[in-house]
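Let me begin by presenting the structure, written as structure tokens, before commenting on it.
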Amino acid sequence: MQTFKTESKKLLDLMINSIYTNKEIFLRELISNASDAEDKLYFKSLTDKSIELSRNDLTIGISFDKDARTVTVSDHGIGMDRDALEKNLGTIAHSDSQEFKAAQAAAEKAQTDQAASEGDKAAAEGTATKDAVDIIGQFGVGFYSAFMVAKEVRVVTKPYGSKEAWEWTSDGVEGYTIEPAEKEGFGTDVILTLKDNEGDENYDTYLTEYGLKDLVKRYSNYVHYPIQMMVTKSRQKPKPEDAGDDYKPEYEQYEELETVNSMTPIWKRRKSEVSQEEYNEFYKSQFHDYTDPARVISVHAEGALSYDVLLFIPSRAPFDLWSKDYKKGLELYSSNVLIMEKCEDLLPDYFNFVRGVVDSQDLSLNISRETLQQNGQLRAIARHVEKKIQQELEKMLKNDREDYEKFWDNFGRTIKYGIYTSYGMNKDTLGKLLLFYSAKEQKMVTLAEYIEAMPEGQKAIYYAAGESTEKLGKMPMVKAVLGKGYDVLLCTQDVDDFCFQTMQNYEEKDLKNVANGDLDLESESDKTAAEEATKENEGLFTAMKDALGDKVKRVAVSSVLTDAPACLTADGPISLEMEKIMAGMPDSDQVKSERVLEINAKHPVFEVLKSAQAAGDAEKVKDYTDLLYNQALLVEGLPIDDPVAFAQEVCKLMK
Ligand code: ADP
Ligand code: MG
């Protein structure tokens, strides 16, 4: 027996026990090696005429034997002679594939350079090898991942055209043996004897048709050689000719060779070459949705960093989108092999609902192929992905309003949260995507449409936040603003007010909550009139403020109210709506808005208050102030501090 070198032993131990977080990738690694081996033979056949090969010969086989606890991966690839076995499998971290790839790249470059210098562009582009080979291996460690699940690995291999076969055997601990062997055709069989089950570790799933198929589909679905498995199927037996009327169909089981992987990655194909039907099917099976996607985005980038991207905007929100377990991310492939199921870095939070695939053979993977070494590459792709999604949404908004409104119903909230949580940084781009209900138009409008429809003299964008558009439509301040001829956006999601507050303005127009004072609404003369009226009745307002105590910051004449006798507004950054929402969150009862009770000086009630004050009836002033305040709270949808006292006041008035 050849023993592994000491360093190799340590490395092997590290490999098996800590490099990978996920044991099941062993199959991906063995299939990748099989694919590489077939690529190499195919490549050789292009120049070596003694190799008679059609691409159809190149298949990868997977089989298992439950009793013997073995899983076998077979290929018809280049195979290994004794020396190659020694070099490739006896030395850990030696990658023949890496060398092959480098040599090939050099050859290609030479060919291209030569063609270029001869001015023969067609030949440079027509290098048959370019697309033919897609070598996956590079670190020279993937093979050893087999020892995560196997107590013994045997490799039986015969190079193409050779008469000698060899068998390499190892337990993955001490060393290995290489001995002459018998093998019919060329290529390599890798035979794993699985470990015994132990505690939580159950290897039996790798000894089932379903378990193996599932792994192939998940990790190696797009390897470009057919991965075949003998599967058991059931069929109806032919009906005997002499069958009577009471004949019941009989079934029999039979075995059939099935290709498990789908090979051509749909994301590598141009959008014009793929039917909507194919995209729909791919989306539904890959991302476990039962409805067709709303939009498909396909991107092909070429250059120093080449990649293909296929994105889907779902047509309904996944049920767990708002649960804290929801994980955003795109599937990341490198050379058609799955690297990460949900690569979070590829999607910004505000587009977390997008599903899809990114594939690039230029990624510098780390050794376990579970993460990348250079995040710059990912960032570049992520930026492109984000831009494409933004563009697609803008296009949908412009050309297909109905679809967009459905999209907005599903995912509008996510985008608003995106503006809020990024402190308004993306408001210029994401702001274009916002839709709100217009009180004037009675339909959803964009901020641009709102601004477009603003009458001359209107300086700000007005909105009201609350429970429902019906209730908001009845709010005194909403009516007052509408009365001016200005539209009001009626916002009914909890995030709306926060979103607008972080944005502060859009296209240089301030965003103003109508429930906050200072609406920039009234003409200068209205303002002065209100200020004068407040000053004239200073005694009354001081008495009213005293009656309410800490509940309000001040009482003043409103310059905008038309029908209602009074309303509440908020001074400062915290609106009444925000206070309401924060009250529903844990540990936030400290957050209080600074309330102002605004009185309509044109309302008959004001005359009643004034005469009570003039008559020195302090009790009446207090009672009526309480009534007005509570009434304003009710209209705002805020709770009354003491409903019983309020009811008694009302009764007193009736008597
Ligand atoms: P990598 O694939 O990154 O090169 P591996 O540890 O997976 O590293 O494999 C090491 C080397 O063993 C490969 O580079 C290749 O030369 C050789 N090898 C592994 N599996 C096969 C196979 N099925 N057929 C031929 N050669 C193989
Ligand atoms: Mg490999």
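Labels for the structure tokens follow display order: chains A, B, ..., residues from 1 in each chain, ligands from 1.
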Segment 424-427 of chain A: which residues within 12 Å, counting only C-alpha atoms, same-chain residues fewer than 5 positions away excluded, as a list of chain:residue names?
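The residues satisfying every condition are A:Pro348, A:Asp349, A:Tyr350, A:Glu386, A:Gln390, A:Ile415, A:Lys416, A:Tyr417, A:Gly418, A:Ile419, A:Lys432, A:Leu433, A:Leu434, A:Leu447, A:Phe498, A:Cys499, A:Phe500, A:Gln501, A:Thr502, A:Met503, A:Gln504, A:Asn505, A:Tyr506, A:Glu507, A:Glu508.
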All helix (DSSP H, G or I) residues (DSSP, backbone) inside segment 338-407 of chain A, as a ChimeraX atom specification
/A:344-346,349-351,375-399,401-407
Output as number ranges by chain all residues of segment 464-640 of chain A that backbone DSSP marks as strand (DSSP E).
A: 464-465, 488-491, 505-506, 509-513, 554-557, 566-571, 594-599
List as a count of residues only the protein and nucleic acid residues near Tyr210 of chain A, meaning an atom at most 12 Å away when only C-alpha atoms are counted, but skip any in the same chain fewer than 5 places from it.
12
Surrounding residues of segment 544-560 of chain A excluding itself and chain neighbours under 3 positions, 8 Å, only C-alpha atoms, as a list in words:
Met477, Ala480, Val481, Leu521, Glu522, Asp526, Lys527, Ala529, Ala530, Glu531, Ala533, Thr534, Leu540, Phe541, Glu594, Arg595, Val596, Leu597, Glu598, Ile599, Asn600, Ala601, Val621, Lys622, Thr625 and Asp626 of chain A
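Where the distance criterion is 10 Å and the atoms used are only C-alpha atoms and all ligand atoms, the residues close to ligand 2 are Phe26, Arg28, Glu29, Leu30, Ile31, Ser32, Asn33, Ala34, Ser35, Asp36, Ala37, Ser95, Asp96, Ser97, Gln98, Ile135, Ile136, Gly137, Gln138, Phe139, Gly140, Val141, Gly142, Phe143, Tyr144 and Ser145 of chain A.
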Written file, previous selection with N, CA and C atoms, as a PDB file, in the first residue's frame:
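Writing done, so here's result-v4.pdb:
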```pdb
ATOM      1  N   PHE A  26     -20.971  15.460  -2.624  1.00  0.00           N
ATOM      2  CA  PHE A  26     -20.022  14.474  -3.170  1.00  0.00           C
ATOM      3  C   PHE A  26     -20.437  14.041  -4.572  1.00  0.00           C
ATOM      4  N   ARG A  28     -22.170  15.734  -6.796  1.00  0.00           N
ATOM      5  CA  ARG A  28     -21.872  16.826  -7.724  1.00  0.00           C
ATOM      6  C   ARG A  28     -20.404  16.754  -8.163  1.00  0.00           C
ATOM      7  N   GLU A  29     -19.512  16.521  -7.186  1.00  0.00           N
ATOM      8  CA  GLU A  29     -18.078  16.494  -7.496  1.00  0.00           C
ATOM      9  C   GLU A  29     -17.721  15.330  -8.412  1.00  0.00           C
ATOM     10  N   LEU A  30     -18.301  14.148  -8.136  1.00  0.00           N
ATOM     11  CA  LEU A  30     -17.973  12.988  -8.971  1.00  0.00           C
ATOM     12  C   LEU A  30     -18.536  13.148 -10.377  1.00  0.00           C
ATOM     13  N   ILE A  31     -19.736  13.703 -10.466  1.00  0.00           N
ATOM     14  CA  ILE A  31     -20.329  13.931 -11.789  1.00  0.00           C
ATOM     15  C   ILE A  31     -19.517  14.985 -12.546  1.00  0.00           C
ATOM     16  N   SER A  32     -19.073  16.010 -11.827  1.00  0.00           N
ATOM     17  CA  SER A  32     -18.258  17.042 -12.471  1.00  0.00           C
ATOM     18  C   SER A  32     -16.973  16.437 -13.037  1.00  0.00           C
ATOM     19  N   ASN A  33     -16.365  15.536 -12.279  1.00  0.00           N
ATOM     20  CA  ASN A  33     -15.144  14.884 -12.770  1.00  0.00           C
ATOM     21  C   ASN A  33     -15.431  14.035 -14.000  1.00  0.00           C
ATOM     22  N   ALA A  34     -16.571  13.344 -13.972  1.00  0.00           N
ATOM     23  CA  ALA A  34     -16.948  12.507 -15.108  1.00  0.00           C
ATOM     24  C   ALA A  34     -17.137  13.383 -16.345  1.00  0.00           C
ATOM     25  N   SER A  35     -17.802  14.517 -16.133  1.00  0.00           N
ATOM     26  CA  SER A  35     -18.040  15.446 -17.241  1.00  0.00           C
ATOM     27  C   SER A  35     -16.714  15.993 -17.777  1.00  0.00           C
ATOM     28  N   ASP A  36     -15.815  16.346 -16.861  1.00  0.00           N
ATOM     29  CA  ASP A  36     -14.486  16.833 -17.277  1.00  0.00           C
ATOM     30  C   ASP A  36     -13.753  15.771 -18.098  1.00  0.00           C
ATOM     31  N   ALA A  37     -13.829  14.516 -17.623  1.00  0.00           N
ATOM     32  CA  ALA A  37     -13.114  13.429 -18.304  1.00  0.00           C
ATOM     33  C   ALA A  37     -13.662  13.247 -19.714  1.00  0.00           C
ATOM     34  N   SER A  95      -4.532  19.082  -9.498  1.00  0.00           N
ATOM     35  CA  SER A  95      -5.614  19.071 -10.467  1.00  0.00           C
ATOM     36  C   SER A  95      -5.092  19.043 -11.880  1.00  0.00           C
ATOM     37  N   ASP A  96      -5.314  17.904 -12.506  1.00  0.00           N
ATOM     38  CA  ASP A  96      -4.989  17.757 -13.896  1.00  0.00           C
ATOM     39  C   ASP A  96      -5.885  18.662 -14.737  1.00  0.00           C
ATOM     40  N   SER A  97      -7.119  18.777 -14.276  1.00  0.00           N
ATOM     41  CA  SER A  97      -8.102  19.559 -15.022  1.00  0.00           C
ATOM     42  C   SER A  97      -7.695  21.015 -15.098  1.00  0.00           C
ATOM     43  N   GLN A  98      -7.156  21.505 -13.975  1.00  0.00           N
ATOM     44  CA  GLN A  98      -6.692  22.886 -13.943  1.00  0.00           C
ATOM     45  C   GLN A  98      -5.612  23.101 -15.007  1.00  0.00           C
ATOM     46  N   ILE A 135     -14.672  22.779 -18.784  1.00  0.00           N
ATOM     47  CA  ILE A 135     -14.040  22.083 -17.654  1.00  0.00           C
ATOM     48  C   ILE A 135     -14.443  22.696 -16.308  1.00  0.00           C
ATOM     49  N   ILE A 136     -14.829  21.842 -15.392  1.00  0.00           N
ATOM     50  CA  ILE A 136     -15.333  22.306 -14.102  1.00  0.00           C
ATOM     51  C   ILE A 136     -14.246  22.270 -13.014  1.00  0.00           C
ATOM     52  N   GLY A 137     -13.429  21.226 -13.040  1.00  0.00           N
ATOM     53  CA  GLY A 137     -12.444  21.036 -11.973  1.00  0.00           C
ATOM     54  C   GLY A 137     -11.376  22.105 -11.963  1.00  0.00           C
ATOM     55  N   GLN A 138     -10.852  22.394 -10.768  1.00  0.00           N
ATOM     56  CA  GLN A 138      -9.730  23.323 -10.712  1.00  0.00           C
ATOM     57  C   GLN A 138      -8.858  23.223  -9.469  1.00  0.00           C
ATOM     58  N   PHE A 139      -9.357  22.605  -8.409  1.00  0.00           N
ATOM     59  CA  PHE A 139      -8.574  22.633  -7.171  1.00  0.00           C
ATOM     60  C   PHE A 139      -7.897  21.309  -6.842  1.00  0.00           C
ATOM     61  N   GLY A 140      -8.389  20.252  -7.462  1.00  0.00           N
ATOM     62  CA  GLY A 140      -7.803  18.958  -7.154  1.00  0.00           C
ATOM     63  C   GLY A 140      -8.180  18.423  -5.790  1.00  0.00           C
ATOM     64  N   VAL A 141      -9.349  18.775  -5.291  1.00  0.00           N
ATOM     65  CA  VAL A 141      -9.787  18.226  -4.004  1.00  0.00           C
ATOM     66  C   VAL A 141     -11.182  17.609  -4.067  1.00  0.00           C
ATOM     67  N   GLY A 142     -11.942  17.955  -5.112  1.00  0.00           N
ATOM     68  CA  GLY A 142     -13.349  17.533  -5.196  1.00  0.00           C
ATOM     69  C   GLY A 142     -13.531  16.034  -5.018  1.00  0.00           C
ATOM     70  N   PHE A 143     -12.644  15.273  -5.615  1.00  0.00           N
ATOM     71  CA  PHE A 143     -12.756  13.823  -5.567  1.00  0.00           C
ATOM     72  C   PHE A 143     -12.833  13.302  -4.134  1.00  0.00           C
ATOM     73  N   TYR A 144     -12.039  13.905  -3.266  1.00  0.00           N
ATOM     74  CA  TYR A 144     -11.944  13.385  -1.890  1.00  0.00           C
ATOM     75  C   TYR A 144     -13.208  13.630  -1.066  1.00  0.00           C
ATOM     76  N   SER A 145     -14.095  14.480  -1.584  1.00  0.00           N
ATOM     77  CA  SER A 145     -15.353  14.691  -0.857  1.00  0.00           C
ATOM     78  C   SER A 145     -16.136  13.383  -0.771  1.00  0.00           C
TER      79      SER A 145
END
```
Compile the contact shell of Gly485 of chain A as a PyMOL selection string: residues with an atom at most 10 Å away, counting only C-alpha atoms, same-chain residues fewer than 3 positions apart removed.
chain A and resi 440+454-455+458+479-482+488
Mind writing the picked residues with C-alpha atoms as an mmCIF file, in the first residue's frame?
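So the final result, stored in part18.cif, reads:
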```
data_model
loop_
_atom_site.group_PDB
_atom_site.id
_atom_site.type_symbol
_atom_site.label_atom_id
_atom_site.label_comp_id
_atom_site.auth_asym_id
_atom_site.auth_seq_id
_atom_site.Cartn_x
_atom_site.Cartn_y
_atom_site.Cartn_z
ATOM 1 C CA LYS A 440 -59.165 63.279 -6.597
ATOM 2 C CA MET A 454 -50.687 69.809 -9.840
ATOM 3 C CA PRO A 455 -52.474 73.120 -10.402
ATOM 4 C CA GLN A 458 -49.369 74.058 -5.450
ATOM 5 C CA LYS A 479 -61.316 67.745 2.678
ATOM 6 C CA ALA A 480 -59.670 71.080 3.339
ATOM 7 C CA VAL A 481 -56.780 70.304 0.993
ATOM 8 C CA LEU A 482 -59.094 68.909 -1.679
ATOM 9 C CA VAL A 488 -54.311 64.086 -1.709
#
```
Give me the residues near Gly79 of chain A as a PyMOL selection string, where near means some atom within 7 Å (using only C-alpha atoms) and where sequence neighbours in that chain fewer than 6 positions away do not count.
chain A and resi 37+157-160+186-188
Next, write the just-selected residues to a file, as a tab-separated table (two decimals), in the first residue's frame, keeping N, CA and C atoms as the atom set.
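result.tsv was written with the following content:
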```
chain	number	residue	atom	x	y	z
A	37	ALA	N	-13.83	14.52	-17.62
A	37	ALA	CA	-13.11	13.43	-18.30
A	37	ALA	C	-13.66	13.25	-19.71
A	157	THR	N	-10.45	2.07	-13.84
A	157	THR	CA	-10.33	2.98	-14.98
A	157	THR	C	-9.48	2.41	-16.11
A	158	LYS	N	-9.84	2.76	-17.32
A	158	LYS	CA	-9.10	2.30	-18.50
A	158	LYS	C	-9.08	3.43	-19.52
A	159	PRO	N	-7.87	3.87	-19.88
A	159	PRO	CA	-7.80	4.96	-20.86
A	159	PRO	C	-8.30	4.49	-22.22
A	160	TYR	N	-8.78	5.43	-23.02
A	160	TYR	CA	-9.25	5.10	-24.37
A	160	TYR	C	-8.12	4.46	-25.16
A	186	PHE	N	-13.73	1.67	-22.26
A	186	PHE	CA	-12.85	2.73	-21.73
A	186	PHE	C	-13.63	3.62	-20.77
A	187	GLY	N	-12.89	4.39	-19.98
A	187	GLY	CA	-13.55	5.32	-19.06
A	187	GLY	C	-13.29	4.94	-17.61
A	188	THR	N	-14.10	5.46	-16.73
A	188	THR	CA	-13.84	5.30	-15.30
A	188	THR	C	-15.12	4.99	-14.53
```
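Relative to atom CA of Val155 of chain A, atom CA of Val73 of chain A is found at 9.6 Å.
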Give me, as a CSV table (one decimal) with N, CA, C and O atoms, in the first residue's frame, all polymer residues having an atom no more than 10 Å from Lys459 of chain A, counting only C-alpha atoms and skipping those fewer than 5 positions away in the same chain.
```
chain,number,residue,atom,x,y,z
A,451,ILE,N,-47.6,65.0,-9.7
A,451,ILE,CA,-46.9,66.3,-9.9
A,451,ILE,C,-47.4,66.9,-11.2
A,451,ILE,O,-47.7,68.1,-11.3
A,454,MET,N,-50.6,68.8,-10.9
A,454,MET,CA,-50.7,69.8,-9.8
A,454,MET,C,-51.1,71.1,-10.5
A,454,MET,O,-50.5,71.6,-11.4
A,486,TYR,N,-56.4,70.8,-4.5
A,486,TYR,CA,-55.1,70.0,-4.6
A,486,TYR,C,-55.5,68.6,-4.3
A,486,TYR,O,-56.4,68.3,-3.5
A,508,GLU,N,-38.0,67.5,-6.0
A,508,GLU,CA,-38.0,68.8,-5.3
A,508,GLU,C,-39.3,69.3,-4.8
A,508,GLU,O,-39.4,70.4,-4.4
A,509,LYS,N,-40.3,68.4,-4.7
A,509,LYS,CA,-41.6,68.8,-4.1
A,509,LYS,C,-41.6,68.1,-2.7
A,509,LYS,O,-41.4,66.9,-2.6
A,510,ASP,N,-41.9,68.9,-1.7
A,510,ASP,CA,-42.0,68.4,-0.4
A,510,ASP,C,-43.1,67.4,-0.3
A,510,ASP,O,-44.2,67.7,-0.9
A,511,LEU,N,-42.9,66.4,0.5
A,511,LEU,CA,-44.0,65.4,0.8
A,511,LEU,C,-44.7,65.8,2.1
A,511,LEU,O,-44.0,65.8,3.1
A,519,LEU,N,-48.9,73.3,6.3
A,519,LEU,CA,-49.1,72.7,5.0
A,519,LEU,C,-48.7,73.5,3.8
A,519,LEU,O,-48.9,73.1,2.7
A,520,ASP,N,-48.3,74.7,4.0
A,520,ASP,CA,-47.9,75.6,2.9
A,520,ASP,C,-49.1,75.7,2.0
A,520,ASP,O,-48.9,75.8,0.7
A,521,LEU,N,-50.3,75.7,2.5
A,521,LEU,CA,-51.5,75.6,1.7
A,521,LEU,C,-52.2,76.9,1.6
A,521,LEU,O,-52.7,77.3,0.5
```
I need the residue nearest ligand 1 from this list: A:Asp171, A:Leu365, A:Thr47, A:Ala150. Use only C-alpha atoms and all ligand atoms for the distance.
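Selected residue with least distance to ligand 1: A:Leu365.
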My list of candidates is A:Phe606, A:Tyr462, A:Phe147, A:Trp267. Which is closest to ligand 1 when distances are computed with only C-alpha atoms and all ligand atoms?
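Once distances to ligand 1 are computed over only C-alpha atoms and all ligand atoms, the minimum belongs to A:Phe147.
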Nearest to Leu321 of chain A by atom-to-atom distance, counting only C-alpha atoms, from A:Asn410, A:Gln104, A:Ser220, A:Ser74:
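Counting only C-alpha atoms, the residue closest to Leu321 of chain A is A:Asn410.
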Option closest in space to ligand 1, from A:Asp39, A:Asp200, A:Glu452, A:Asp57 [counting only C-alpha atoms and all ligand atoms]
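Among the listed residues, the smallest separation from ligand 1 belongs to A:Asp39.
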Pick from A:Ala84, A:Val149, A:Ile389, A:Ala583 nearest to ligand 1, counting only C-alpha atoms and all ligand atoms:
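Among the listed residues, A:Ala84 lies closest to ligand 1.
Our summary of the geometry notes that atom CA of Gln648 of chain A is positioned 27.4 Å from atom CA of Ser593 of chain A.
Between atom CA of Leu89 of chain A and atom CA of His224 of chain A the interatomic distance comes to 24.5 Å.
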Smallest atom-to-atom distance to ligand 1: which of A:Val591, A:Ala460, A:Met1, A:Met80, using only C-alpha atoms and all ligand atoms?
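Result for the nearest residue to ligand 1: A:Met80.
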